[in-house]
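Data block for work_1.pdb (PDB, C-alpha atoms):
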ATOM      1  CA  MET A  99     116.808 122.973 103.742
ATOM      2  CA  THR A 100     114.915 124.759 100.966
ATOM      3  CA  GLY A 101     112.293 127.485 101.238
ATOM      4  CA  ARG A 102     109.635 124.855 100.550
ATOM      5  CA  ASP A 103     110.961 122.701 103.397
ATOM      6  CA  ILE A 104     110.965 125.649 105.805
ATOM      7  CA  ARG A 105     107.378 126.562 104.948
ATOM      8  CA  LEU A 106     106.172 122.961 105.231
ATOM      9  CA  ALA A 107     107.881 122.692 108.617
ATOM     10  CA  ARG A 108     106.000 125.812 109.729
ATOM     11  CA  LEU A 109     102.682 124.346 108.622
ATOM     12  CA  PHE A 110     103.368 121.162 110.590
ATOM     13  CA  SER A 111     105.213 123.000 113.364
ATOM     14  CA  GLY A 112     107.041 120.645 115.694
ATOM     15  CA  GLY A 113     105.791 117.671 113.678
ATOM     16  CA  ARG A 114     102.222 118.312 114.816
ATOM     17  CA  ASN A 115      99.106 118.062 112.667
ATOM     18  CA  ALA A 116      97.841 121.160 110.842
ATOM     19  CA  VAL A 117      94.650 123.080 111.553
ATOM     20  CA  VAL A 118      93.616 125.211 108.571
ATOM     21  CA  VAL A 119      90.594 127.546 108.586
ATOM     22  CA  ALA A 120      89.164 128.124 105.101
ATOM     23  CA  VAL A 121      87.485 131.426 104.241
ATOM     24  CA  ASP A 122      87.834 131.326 100.446
ATOM     25  CA  HIS A 123      84.144 130.589  99.816
ATOM     26  CA  GLY A 124      83.421 134.067  98.456
ATOM     27  CA  GLU A 125      85.482 133.277  95.382
ATOM     28  CA  PHE A 126      82.683 130.945  94.277
ATOM     29  CA  ASP A 127      79.639 131.802  96.378
ATOM     30  CA  GLY A 128      79.916 135.528  96.998
ATOM     31  CA  PRO A 129      79.299 136.704 100.589
ATOM     32  CA  LEU A 130      78.138 133.905 102.875
ATOM     33  CA  PRO A 131      76.742 134.274 106.408
ATOM     34  CA  GLY A 132      79.635 134.833 108.778
ATOM     35  CA  MET A 133      81.929 135.883 105.924
ATOM     36  CA  GLU A 134      80.268 139.043 104.623
ATOM     37  CA  ASP A 135      83.046 141.206 106.089
ATOM     38  CA  LEU A 136      86.042 138.965 105.561
ATOM     39  CA  ALA A 137      88.452 141.246 107.396
ATOM     40  CA  ASP A 138      86.254 140.954 110.482
ATOM     41  CA  THR A 139      85.860 137.190 110.013
ATOM     42  CA  VAL A 140      89.615 136.712 109.843
ATOM     43  CA  ARG A 141      90.117 138.979 112.848
ATOM     44  CA  LYS A 142      88.079 136.475 114.900
ATOM     45  CA  ILE A 143      90.197 133.468 113.881
ATOM     46  CA  ASP A 144      92.200 132.182 116.823
ATOM     47  CA  PRO A 145      95.995 132.430 116.438
ATOM     48  CA  CYS A 146      96.283 128.743 117.403
ATOM     49  CA  VAL A 147      95.461 127.743 113.804
ATOM     50  CA  SER A 148      98.269 126.752 111.468
ATOM     51  CA  ALA A 149      97.056 128.526 108.339
ATOM     52  CA  ILE A 150      94.168 130.433 106.810
ATOM     53  CA  LEU A 151      93.020 129.495 103.307
ATOM     54  CA  LEU A 152      91.704 132.395 101.260
ATOM     55  CA  SER A 153      91.761 133.804  97.759
ATOM     56  CA  PRO A 154      94.845 135.877  96.873
ATOM     57  CA  GLY A 155      92.693 138.916  96.165
ATOM     58  CA  MET A 156      91.573 139.033  99.789
ATOM     59  CA  LEU A 157      95.086 139.025 101.261
ATOM     60  CA  ARG A 158      95.347 142.808 101.086
ATOM     61  CA  HIS A 159      92.069 143.122 103.005
ATOM     62  CA  THR A 160      93.173 140.732 105.747
ATOM     63  CA  ALA A 161      96.864 141.579 106.130
ATOM     64  CA  HIS A 162      96.427 142.119 109.875
ATOM     65  CA  ALA A 163      96.090 138.344 110.332
ATOM     66  CA  PHE A 164      99.514 137.594 108.878
ATOM     67  CA  SER A 165     101.694 140.548 109.860
ATOM     68  CA  VAL A 166     102.622 139.677 113.451
ATOM     69  CA  LYS A 167     105.048 137.139 114.873
ATOM     70  CA  GLY A 168     103.486 133.716 115.360
ATOM     71  CA  SER A 169     100.540 134.414 113.082
ATOM     72  CA  PRO A 170      98.974 131.694 110.881
ATOM     73  CA  MET A 171     100.386 131.059 107.417
ATOM     74  CA  ALA A 172      98.664 132.569 104.403
ATOM     75  CA  MET A 173      97.505 129.730 102.133
ATOM     76  CA  VAL A 174      95.927 130.857  98.875
ATOM     77  CA  ARG A 175      93.938 129.208  96.094
ATOM     78  CA  LEU A 176      95.361 129.627  92.579
ATOM     79  CA  ASN A 177      92.776 128.150  90.220
ATOM     80  CA  TRP A 178      89.071 128.834  89.826
ATOM     81  CA  SER A 179      86.865 125.810  89.187
ATOM     82  CA  THR A 180      83.266 125.679  88.025
ATOM     83  CA  HIS A 181      82.436 122.652  90.148
ATOM     84  CA  PHE A 182      82.366 124.821  93.291
ATOM     85  CA  CYS A 183      79.463 126.839  91.883
ATOM     86  CA  PHE A 184      76.743 124.422  92.999
ATOM     87  CA  HIS A 185      74.237 127.288  93.186
ATOM     88  CA  TRP A 186      74.474 127.684  89.408
ATOM     89  CA  ASP A 187      74.272 123.919  88.799
ATOM     90  CA  TYR A 188      77.646 123.799  87.058
ATOM     91  CA  GLU A 189      78.789 120.232  86.530
ATOM     92  CA  ALA A 190      81.583 120.190  83.960
ATOM     93  CA  GLY A 191      84.528 120.656  86.329
ATOM     94  CA  ILE A 192      86.347 123.257  84.235
ATOM     95  CA  ALA A 193      89.370 124.847  85.937
ATOM     96  CA  VAL A 194      91.253 127.994  84.932
ATOM     97  CA  GLU A 195      94.174 129.922  86.376
ATOM     98  CA  ALA A 196      92.997 132.800  88.566
ATOM     99  CA  PHE A 197      96.361 133.834  90.019
ATOM    100  CA  SER A 198      99.905 132.830  89.176
ATOM    101  CA  PRO A 199     102.256 131.646  91.937
ATOM    102  CA  GLN A 200     104.289 134.805  91.319
ATOM    103  CA  ASP A 201     101.205 136.975  91.875
ATOM    104  CA  ALA A 202     100.423 135.046  95.058
ATOM    105  CA  VAL A 203     103.932 135.522  96.465
ATOM    106  CA  ALA A 204     103.838 139.240  95.707
ATOM    107  CA  LEU A 205     100.590 139.470  97.669
ATOM    108  CA  GLY A 206     102.073 137.626 100.658
ATOM    109  CA  ALA A 207     101.231 133.940 100.165
ATOM    110  CA  GLU A 208     103.328 131.336 101.961
ATOM    111  CA  CYS A 209     101.601 128.238 100.591
ATOM    112  CA  VAL A 210      99.385 127.633  97.549
ATOM    113  CA  LEU A 211      96.435 125.357  96.869
ATOM    114  CA  ILE A 212      95.643 123.996  93.418
ATOM    115  CA  CYS A 213      92.443 122.044  92.873
ATOM    116  CA  LEU A 214      92.150 119.037  90.571
ATOM    117  CA  THR A 215      88.939 117.436  89.327
ATOM    118  CA  LEU A 216      88.894 114.275  87.219
ATOM    119  CA  LYS A 217      86.080 112.067  85.898
ATOM    120  CA  THR A 218      84.352 115.183  84.544
ATOM    121  CA  GLY A 219      82.836 113.158  81.694
ATOM    122  CA  ASP A 220      85.295 114.591  79.165
ATOM    123  CA  GLU A 221      88.769 113.043  78.786
ATOM    124  CA  GLY A 222      90.134 116.178  77.168
ATOM    125  CA  ARG A 223      88.921 118.309  80.083
ATOM    126  CA  ASP A 224      90.456 115.888  82.575
ATOM    127  CA  ALA A 225      93.788 116.109  80.771
ATOM    128  CA  ALA A 226      93.573 119.915  80.667
ATOM    129  CA  ASN A 227      92.912 119.999  84.415
ATOM    130  CA  VAL A 228      95.996 117.856  85.043
ATOM    131  CA  GLU A 229      98.062 120.054  82.725
ATOM    132  CA  LEU A 230      96.966 123.197  84.589
ATOM    133  CA  PHE A 231      97.801 121.634  87.959
ATOM    134  CA  CYS A 232     101.252 120.530  86.792
ATOM    135  CA  ARG A 233     102.108 123.923  85.303
ATOM    136  CA  LEU A 234     101.058 125.885  88.382
ATOM    137  CA  ALA A 235     102.742 123.391  90.719
ATOM    138  CA  ALA A 236     106.017 123.619  88.784
ATOM    139  CA  GLU A 237     105.956 127.424  88.993
ATOM    140  CA  ALA A 238     105.235 127.243  92.731
ATOM    141  CA  ARG A 239     108.130 124.824  93.314
ATOM    142  CA  ARG A 240     110.544 127.209  91.595
ATOM    143  CA  LEU A 241     109.467 129.862  94.118
ATOM    144  CA  GLY A 242     109.851 127.536  97.104
ATOM    145  CA  LEU A 243     106.112 127.402  97.811
ATOM    146  CA  PRO A 244     104.524 124.220  99.195
ATOM    147  CA  VAL A 245     101.718 122.962  96.964
ATOM    148  CA  VAL A 246      98.464 121.693  98.451
ATOM    149  CA  GLY A 247      96.738 119.496  95.905
ATOM    150  CA  GLU A 248      92.991 119.511  96.454
ATOM    151  CA  TYR A 249      91.124 116.558  95.029
ATOM    152  CA  PHE A 250      87.451 117.449  94.629
ATOM    153  CA  PRO A 251      84.965 115.439  92.534
ATOM    154  CA  ALA A 252      82.790 117.346  90.074
ATOM    155  CA  ARG A 253      79.537 116.489  91.916
ATOM    156  CA  PRO A 254      80.366 114.749  95.209
ATOM    157  CA  ASP A 255      76.736 115.047  96.300
ATOM    158  CA  ARG A 256      75.765 112.578  93.571
ATOM    159  CA  LEU A 257      78.268 109.889  94.529
ATOM    160  CA  SER A 258      77.598 106.970  96.822
ATOM    161  CA  PRO A 259      79.964 106.682  99.820
ATOM    162  CA  GLU A 260      81.839 103.857  98.054
ATOM    163  CA  ASP A 261      82.141 105.753  94.772
ATOM    164  CA  LEU A 262      83.324 108.873  96.605
ATOM    165  CA  HIS A 263      85.927 106.793  98.429
ATOM    166  CA  ASP A 264      87.192 105.169  95.229
ATOM    167  CA  GLU A 265      87.502 108.478  93.396
ATOM    168  CA  VAL A 266      89.159 110.284  96.317
ATOM    169  CA  MET A 267      91.614 107.439  96.894
ATOM    170  CA  ARG A 268      92.667 107.381  93.248
ATOM    171  CA  GLY A 269      92.616 111.160  92.801
ATOM    172  CA  SER A 270      94.719 111.785  95.902
ATOM    173  CA  ARG A 271      97.402 109.366  94.761
ATOM    174  CA  ILE A 272      97.376 110.930  91.294
ATOM    175  CA  LEU A 273      97.945 114.355  92.861
ATOM    176  CA  ALA A 274     100.918 113.039  94.820
ATOM    177  CA  GLU A 275     102.294 111.469  91.648
ATOM    178  CA  VAL A 276     102.111 114.757  89.712
ATOM    179  CA  GLY A 277     103.819 116.847  92.366
ATOM    180  CA  ALA A 278     101.573 117.828  95.299
ATOM    181  CA  ASP A 279     103.378 118.265  98.632
ATOM    182  CA  LEU A 280     100.207 117.519 100.598
ATOM    183  CA  ILE A 281      96.580 116.739  99.834
ATOM    184  CA  LYS A 282      93.260 118.277 100.858
ATOM    185  CA  THR A 283      90.240 116.080 100.245
ATOM    186  CA  TYR A 284      87.134 114.377 101.637
ATOM    187  CA  CYS A 285      87.182 112.089 104.652
ATOM    188  CA  THR A 286      85.772 108.917 103.101
ATOM    189  CA  VAL A 287      84.265 105.732 104.555
ATOM    190  CA  ARG A 288      87.753 104.153 104.707
ATOM    191  CA  PHE A 289      89.894 107.227 105.005
ATOM    192  CA  ASN A 290      92.858 105.170 106.196
ATOM    193  CA  GLU A 291      93.100 103.682 102.681
ATOM    194  CA  VAL A 292      93.384 107.202 101.263
ATOM    195  CA  THR A 293      96.151 108.201 103.687
ATOM    196  CA  GLN A 294      98.010 104.904 103.376
ATOM    197  CA  GLY A 295      97.919 105.155  99.582
ATOM    198  CA  CYS A 296      99.544 108.606  99.598
ATOM    199  CA  PRO A 297     103.249 109.282 100.247
ATOM    200  CA  VAL A 298     102.441 112.871 101.272
ATOM    201  CA  PRO A 299     100.354 114.245 104.179
ATOM    202  CA  VAL A 300      96.576 114.256 103.696
ATOM    203  CA  LEU A 301      94.288 116.875 105.261
ATOM    204  CA  GLY A 302      90.569 116.143 105.601
ATOM    205  CA  LEU A 303      88.106 118.856 104.622
ATOM    206  CA  GLY A 304      85.017 119.812 106.595
ATOM    207  CA  ALA A 305      82.532 119.758 103.684
ATOM    208  CA  GLU A 306      78.959 120.774 104.570
ATOM    209  CA  LYS A 307      78.092 122.626 107.768
ATOM    210  CA  THR A 308      77.159 120.110 110.449
ATOM    211  CA  PRO A 309      74.005 120.751 112.531
ATOM    212  CA  ARG A 310      76.006 120.665 115.785
ATOM    213  CA  GLN A 311      79.568 121.659 116.655
ATOM    214  CA  ILE A 312      80.287 118.312 118.330
ATOM    215  CA  GLN A 313      79.623 116.603 114.979
ATOM    216  CA  ALA A 314      82.321 118.694 113.302
ATOM    217  CA  LEU A 315      84.758 117.821 116.082
ATOM    218  CA  GLU A 316      83.860 114.141 115.669
ATOM    219  CA  LEU A 317      84.638 114.466 111.962
ATOM    220  CA  ALA A 318      88.040 115.930 112.839
ATOM    221  CA  GLU A 319      88.593 113.043 115.245
ATOM    222  CA  ARG A 320      87.814 110.504 112.483
ATOM    223  CA  ILE A 321      90.183 112.274 110.104
ATOM    224  CA  VAL A 322      93.081 112.055 112.553
ATOM    225  CA  GLN A 323      92.260 108.472 113.527
ATOM    226  CA  GLY A 324      92.258 107.611 109.809
ATOM    227  CA  GLY A 325      95.819 108.841 109.396
ATOM    228  CA  GLY A 326      95.063 112.420 108.367
ATOM    229  CA  ARG A 327      97.729 114.983 109.189
ATOM    230  CA  GLY A 328      95.210 117.707 109.852
ATOM    231  CA  VAL A 329      91.998 119.383 108.771
ATOM    232  CA  VAL A 330      90.759 122.204 106.567
ATOM    233  CA  PHE A 331      87.485 123.485 108.027
ATOM    234  CA  GLY A 332      85.518 126.448 106.692
ATOM    235  CA  ARG A 333      81.838 126.834 107.555
ATOM    236  CA  ASN A 334      82.192 124.515 110.531
ATOM    237  CA  ALA A 335      84.949 126.709 111.971
ATOM    238  CA  VAL A 336      83.403 130.094 111.182
ATOM    239  CA  GLN A 337      79.591 129.821 111.156
ATOM    240  CA  VAL A 338      79.407 129.047 114.884
ATOM    241  CA  PRO A 339      78.457 131.168 117.921
ATOM    242  CA  ASP A 340      82.067 131.562 119.115
ATOM    243  CA  PRO A 341      84.516 130.839 116.264
ATOM    244  CA  ALA A 342      87.659 131.218 118.394
ATOM    245  CA  ALA A 343      86.351 128.789 121.031
ATOM    246  CA  PHE A 344      85.471 126.219 118.380
ATOM    247  CA  GLN A 345      88.872 126.619 116.739
ATOM    248  CA  ARG A 346      90.631 126.058 120.069
ATOM    249  CA  ALA A 347      88.545 122.914 120.557
ATOM    250  CA  LEU A 348      89.455 121.821 117.022
ATOM    251  CA  TYR A 349      93.125 122.418 117.819
ATOM    252  CA  ALA A 350      92.790 120.213 120.909
ATOM    253  CA  VAL A 351      91.298 117.353 118.875
ATOM    254  CA  VAL A 352      93.670 117.592 115.907
ATOM    255  CA  GLN A 353      96.947 118.473 117.611
ATOM    256  CA  GLU A 354      96.594 117.231 121.172
ATOM    257  CA  GLY A 355      94.582 114.047 120.660
ATOM    258  CA  VAL A 356      91.712 115.168 122.899
ATOM    259  CA  THR A 357      88.380 113.477 122.160
ATOM    260  CA  ALA A 358      85.629 115.492 120.523
ATOM    261  CA  SER A 359      83.391 115.346 123.580
ATOM    262  CA  GLU A 360      86.205 116.369 125.936
ATOM    263  CA  ALA A 361      87.182 119.283 123.705
ATOM    264  CA  ALA A 362      83.585 120.491 123.411
ATOM    265  CA  ARG A 363      83.176 120.473 127.193
ATOM    266  CA  ALA A 364      86.544 122.087 127.894
ATOM    267  CA  HIS A 365      85.847 124.984 125.550
ATOM    268  CA  GLY A 366      82.202 125.469 126.475
ATOM    269  CA  LEU A 367      80.759 124.873 123.024
ATOM    270  CA  GLN A 368      77.014 125.391 122.859
ATOM    271  CA  ASP A 369      74.674 125.108 119.868
TER
END
Write the structure described by the file as structure tokens, please.
Amino acid sequence: MTGRDIRLARLFSGGRNAVVVAVDHGEFDGPLPGMEDLADTVRKIDPCVSAILLSPGMLRHTAHAFSVKGSPMAMVRLNWSTHFCFHWDYEAGIAVEAFSPQDAVALGAECVLICLTLKTGDEGRDAANVELFCRLAAEARRLGLPVVGEYFPARPDRLSPEDLHDEVMRGSRILAEVGADLIKTYCTVRFNEVTQGCPVPVLGLGAEKTPRQIQALELAERIVQGGGRGVVFGRNAVQVPDPAAFQRALYAVVQEGVTASEAARAHGLQD
């Protein structure tokens, strides 16, 4: 068993689905509500979660979350992509290296995420994005780090549900073909086609903040029912009245097969 295998087994401990809480938004948006003091935000994350996704630069500010036995894994984002800067109306989908896998390991990372965007409107840019993913993924493999390939369209808000599904299905398979160990992407209208078309585990992302907590849990339920091996939730897991309670409810849905409504009642979620 290699270091990569050991770390992947930890993420899917006991063969169960993964629950990842994402708090890397500041890398693109600056301080968001509920994430102004990231050390405090991370302190409130329930230890039931499998991993916490953040930028490598914030690991030193949140070391307390990863330094005790049984703590979540540290999953870090390596590339910086313009398409996450919706507030500046960026559309080109340009990606650059922000941290090397070696830098991430030195800071304490146990798993790395590399984003890929295609159909940017420029074939050369698409090819450069693939080249960047492949280079970073190869470096991560040499270090024994699992690679999460994130497929994220340049402007998902402008795609119809069918177009989003088609792009995510194709992009996820492409990521698996070029070396991703697992995928993070949108839950589409026929998410089972995305998961069935990928030979590696697929995690569904939370996307926009839902008006009610039960709606986020229902999304998680759809992801698992569609063959997803877990979720990556950010705003929906943090910008809530009681983050730890929501995360325990999310754990129940994703890992224990509890329905969204049952989990919400059991953990006293109130909007």
Stretch 226-233 of chain A: which residues within 8 Å, counting only C-alpha atoms, same-chain residues fewer than 6 positions away excluded, as a tab-separated table (two decimals) with C-alpha atoms, in the coordinates of the input?
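Okay, part.tsv is ready:
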chain	number	residue	atom	x	y	z
A	192	ILE	CA	86.35	123.26	84.24
A	193	ALA	CA	89.37	124.85	85.94
A	194	VAL	CA	91.25	127.99	84.93
A	195	GLU	CA	94.17	129.92	86.38
A	212	ILE	CA	95.64	124.00	93.42
A	213	CYS	CA	92.44	122.04	92.87
A	214	LEU	CA	92.15	119.04	90.57
A	215	THR	CA	88.94	117.44	89.33
A	216	LEU	CA	88.89	114.28	87.22
A	276	VAL	CA	102.11	114.76	89.71
A	277	GLY	CA	103.82	116.85	92.37
Quiz item: So what do you get for atom CA of A:Leu176 versus atom CA of A:Asp261, distance-wise?
Solution: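 Taking atom CA of A:Leu176 and atom CA of A:Asp261, their separation equals 27.4 Å.
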Quiz item: Can you tell me, as a VMD selection string, which residues sit within 9 Å of (103.9, 125.3, 96.5) in the file's frame, using only C-alpha atoms?
Solution: chain A and resid 102 199 208 to 212 234 to 246 278 to 279
Writing out the chosen residues with C-alpha atoms as a PDB file, in the coordinates of the input:
ATOM      1  CA  ARG A 102     109.635 124.855 100.550  1.00  0.00           C
ATOM      2  CA  PRO A 199     102.256 131.646  91.937  1.00  0.00           C
ATOM      3  CA  GLU A 208     103.328 131.336 101.961  1.00  0.00           C
ATOM      4  CA  CYS A 209     101.601 128.238 100.591  1.00  0.00           C
ATOM      5  CA  VAL A 210      99.385 127.633  97.549  1.00  0.00           C
ATOM      6  CA  LEU A 211      96.435 125.357  96.869  1.00  0.00           C
ATOM      7  CA  ILE A 212      95.643 123.996  93.418  1.00  0.00           C
ATOM      8  CA  LEU A 234     101.058 125.885  88.382  1.00  0.00           C
ATOM      9  CA  ALA A 235     102.742 123.391  90.719  1.00  0.00           C
ATOM     10  CA  ALA A 236     106.017 123.619  88.784  1.00  0.00           C
ATOM     11  CA  GLU A 237     105.956 127.424  88.993  1.00  0.00           C
ATOM     12  CA  ALA A 238     105.235 127.243  92.731  1.00  0.00           C
ATOM     13  CA  ARG A 239     108.130 124.824  93.314  1.00  0.00           C
ATOM     14  CA  ARG A 240     110.544 127.209  91.595  1.00  0.00           C
ATOM     15  CA  LEU A 241     109.467 129.862  94.118  1.00  0.00           C
ATOM     16  CA  GLY A 242     109.851 127.536  97.104  1.00  0.00           C
ATOM     17  CA  LEU A 243     106.112 127.402  97.811  1.00  0.00           C
ATOM     18  CA  PRO A 244     104.524 124.220  99.195  1.00  0.00           C
ATOM     19  CA  VAL A 245     101.718 122.962  96.964  1.00  0.00           C
ATOM     20  CA  VAL A 246      98.464 121.693  98.451  1.00  0.00           C
ATOM     21  CA  ALA A 278     101.573 117.828  95.299  1.00  0.00           C
ATOM     22  CA  ASP A 279     103.378 118.265  98.632  1.00  0.00           C
TER      23      ASP A 279
END
Quiz prompt | Residues matched by the PyMOL selection byres ((chain A and resi 110) around 10) as a PyMOL selection string | solution = chain A and resi 105-109+111-117+148-149+299+327-328+353
Exercise. Give as a PyMOL selection string every residue, naming chains and numbers as the document does, that has an atom within 8 Å of (86.8, 125.2, 101.4), counting only C-alpha atoms.
Key: chain A and resi 120-123+151+303-305+330-332
Practice problem: Using the chain letters and residue numbers of this document, give as a PyMOL selection string the residues selected by the PyMOL selection byres ((chain A and resi 270) around 10). | Solution: chain A and resi 214+247-250+265-269+271-275+278+280-284+292-293+295-298+300
Sort by chain and increasing residue number a table of all residues of stretch 140-197 of chain A within 9 Å of stretch 335-345 of chain A, each with its closest pair of atoms and their distance in Å to one decimal, counting all atoms listed in the file, and write it as a Markdown table.
| residue | atom | partner | partner_atom | distance |
| --- | --- | --- | --- | --- |
| A:Lys142 | CA | A:Ala342 | CA | 6.3 |
| A:Ile143 | CA | A:Ala342 | CA | 5.6 |
| A:Asp144 | CA | A:Ala342 | CA | 4.9 |
| A:Pro145 | CA | A:Ala342 | CA | 8.6 |
| A:Cys146 | CA | A:Gln345 | CA | 7.7 |
| A:Val147 | CA | A:Gln345 | CA | 7.3 |
Could you please take those selected residues and save C-alpha atoms as a PDB file, in the coordinates of the input?
ATOM      1  CA  LYS A 142      88.079 136.475 114.900  1.00  0.00           C
ATOM      2  CA  ILE A 143      90.197 133.468 113.881  1.00  0.00           C
ATOM      3  CA  ASP A 144      92.200 132.182 116.823  1.00  0.00           C
ATOM      4  CA  PRO A 145      95.995 132.430 116.438  1.00  0.00           C
ATOM      5  CA  CYS A 146      96.283 128.743 117.403  1.00  0.00           C
ATOM      6  CA  VAL A 147      95.461 127.743 113.804  1.00  0.00           C
TER       7      VAL A 147
END
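The smallest atom-to-atom distance between A:Thr218 and any of A:Ser165, A:Ser198, A:Gln368, A:Thr180, using all atoms listed in the file, is found for A:Thr180.
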Exercise. Determine, counting all atoms listed in the file, which protein, DNA and RNA residues have an atom within 9 Å of an atom of A:Glu189; residues of the same chain fewer than 6 positions away are not included. Present the result as a VMD selection string.
Key: chain A and resid 180 to 183 218 252 to 253
Save stretch 205-247 of chain A from what I just supplied, as an mmCIF file, in the first residue's frame, atoms limited to C-alpha atoms.
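Final output, decode35.cif:
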data_model
loop_
_atom_site.group_PDB
_atom_site.id
_atom_site.type_symbol
_atom_site.label_atom_id
_atom_site.label_comp_id
_atom_site.auth_asym_id
_atom_site.auth_seq_id
_atom_site.Cartn_x
_atom_site.Cartn_y
_atom_site.Cartn_z
ATOM 1 C CA LEU A 205 2.676 23.194 5.191
ATOM 2 C CA GLY A 206 0.870 20.023 6.296
ATOM 3 C CA ALA A 207 -1.411 19.029 3.406
ATOM 4 C CA GLU A 208 -2.589 15.429 3.170
ATOM 5 C CA CYS A 209 -4.588 15.743 -0.048
ATOM 6 C CA VAL A 210 -4.558 18.290 -2.885
ATOM 7 C CA LEU A 211 -7.237 19.728 -5.143
ATOM 8 C CA ILE A 212 -6.526 20.924 -8.672
ATOM 9 C CA CYS A 213 -9.256 22.670 -10.633
ATOM 10 C CA LEU A 214 -9.801 22.237 -14.367
ATOM 11 C CA THR A 215 -11.948 24.420 -16.615
ATOM 12 C CA LEU A 216 -12.537 23.645 -20.288
ATOM 13 C CA LYS A 217 -14.734 25.241 -22.964
ATOM 14 C CA THR A 218 -13.297 28.645 -22.030
ATOM 15 C CA GLY A 219 -13.735 29.864 -25.614
ATOM 16 C CA ASP A 220 -10.009 29.558 -26.335
ATOM 17 C CA GLU A 221 -8.531 26.187 -27.369
ATOM 18 C CA GLY A 222 -5.045 27.261 -26.368
ATOM 19 C CA ARG A 223 -6.251 28.220 -22.885
ATOM 20 C CA ASP A 224 -8.064 24.902 -22.528
ATOM 21 C CA ALA A 225 -4.887 23.042 -23.450
ATOM 22 C CA ALA A 226 -2.849 25.144 -21.009
ATOM 23 C CA ASN A 227 -5.324 24.348 -18.227
ATOM 24 C CA VAL A 228 -4.984 20.623 -18.942
ATOM 25 C CA GLU A 229 -1.193 20.932 -19.030
ATOM 26 C CA LEU A 230 -1.172 22.685 -15.641
ATOM 27 C CA PHE A 231 -3.433 20.027 -14.118
ATOM 28 C CA CYS A 232 -1.279 17.182 -15.441
ATOM 29 C CA ARG A 233 1.968 18.737 -14.214
ATOM 30 C CA LEU A 234 0.675 19.425 -10.710
ATOM 31 C CA ALA A 235 -1.001 16.010 -10.504
ATOM 32 C CA ALA A 236 2.220 14.245 -11.523
ATOM 33 C CA GLU A 237 4.175 16.112 -8.837
ATOM 34 C CA ALA A 238 1.522 15.234 -6.246
ATOM 35 C CA ARG A 239 1.618 11.538 -7.193
ATOM 36 C CA ARG A 240 5.387 11.447 -6.683
ATOM 37 C CA LEU A 241 4.775 12.703 -3.131
ATOM 38 C CA GLY A 242 2.033 10.159 -2.438
ATOM 39 C CA LEU A 243 -0.725 12.782 -2.304
ATOM 40 C CA PRO A 244 -4.242 11.945 -3.527
ATOM 41 C CA VAL A 245 -5.393 14.338 -6.244
ATOM 42 C CA VAL A 246 -8.925 15.730 -6.249
ATOM 43 C CA GLY A 247 -9.759 16.918 -9.739
#
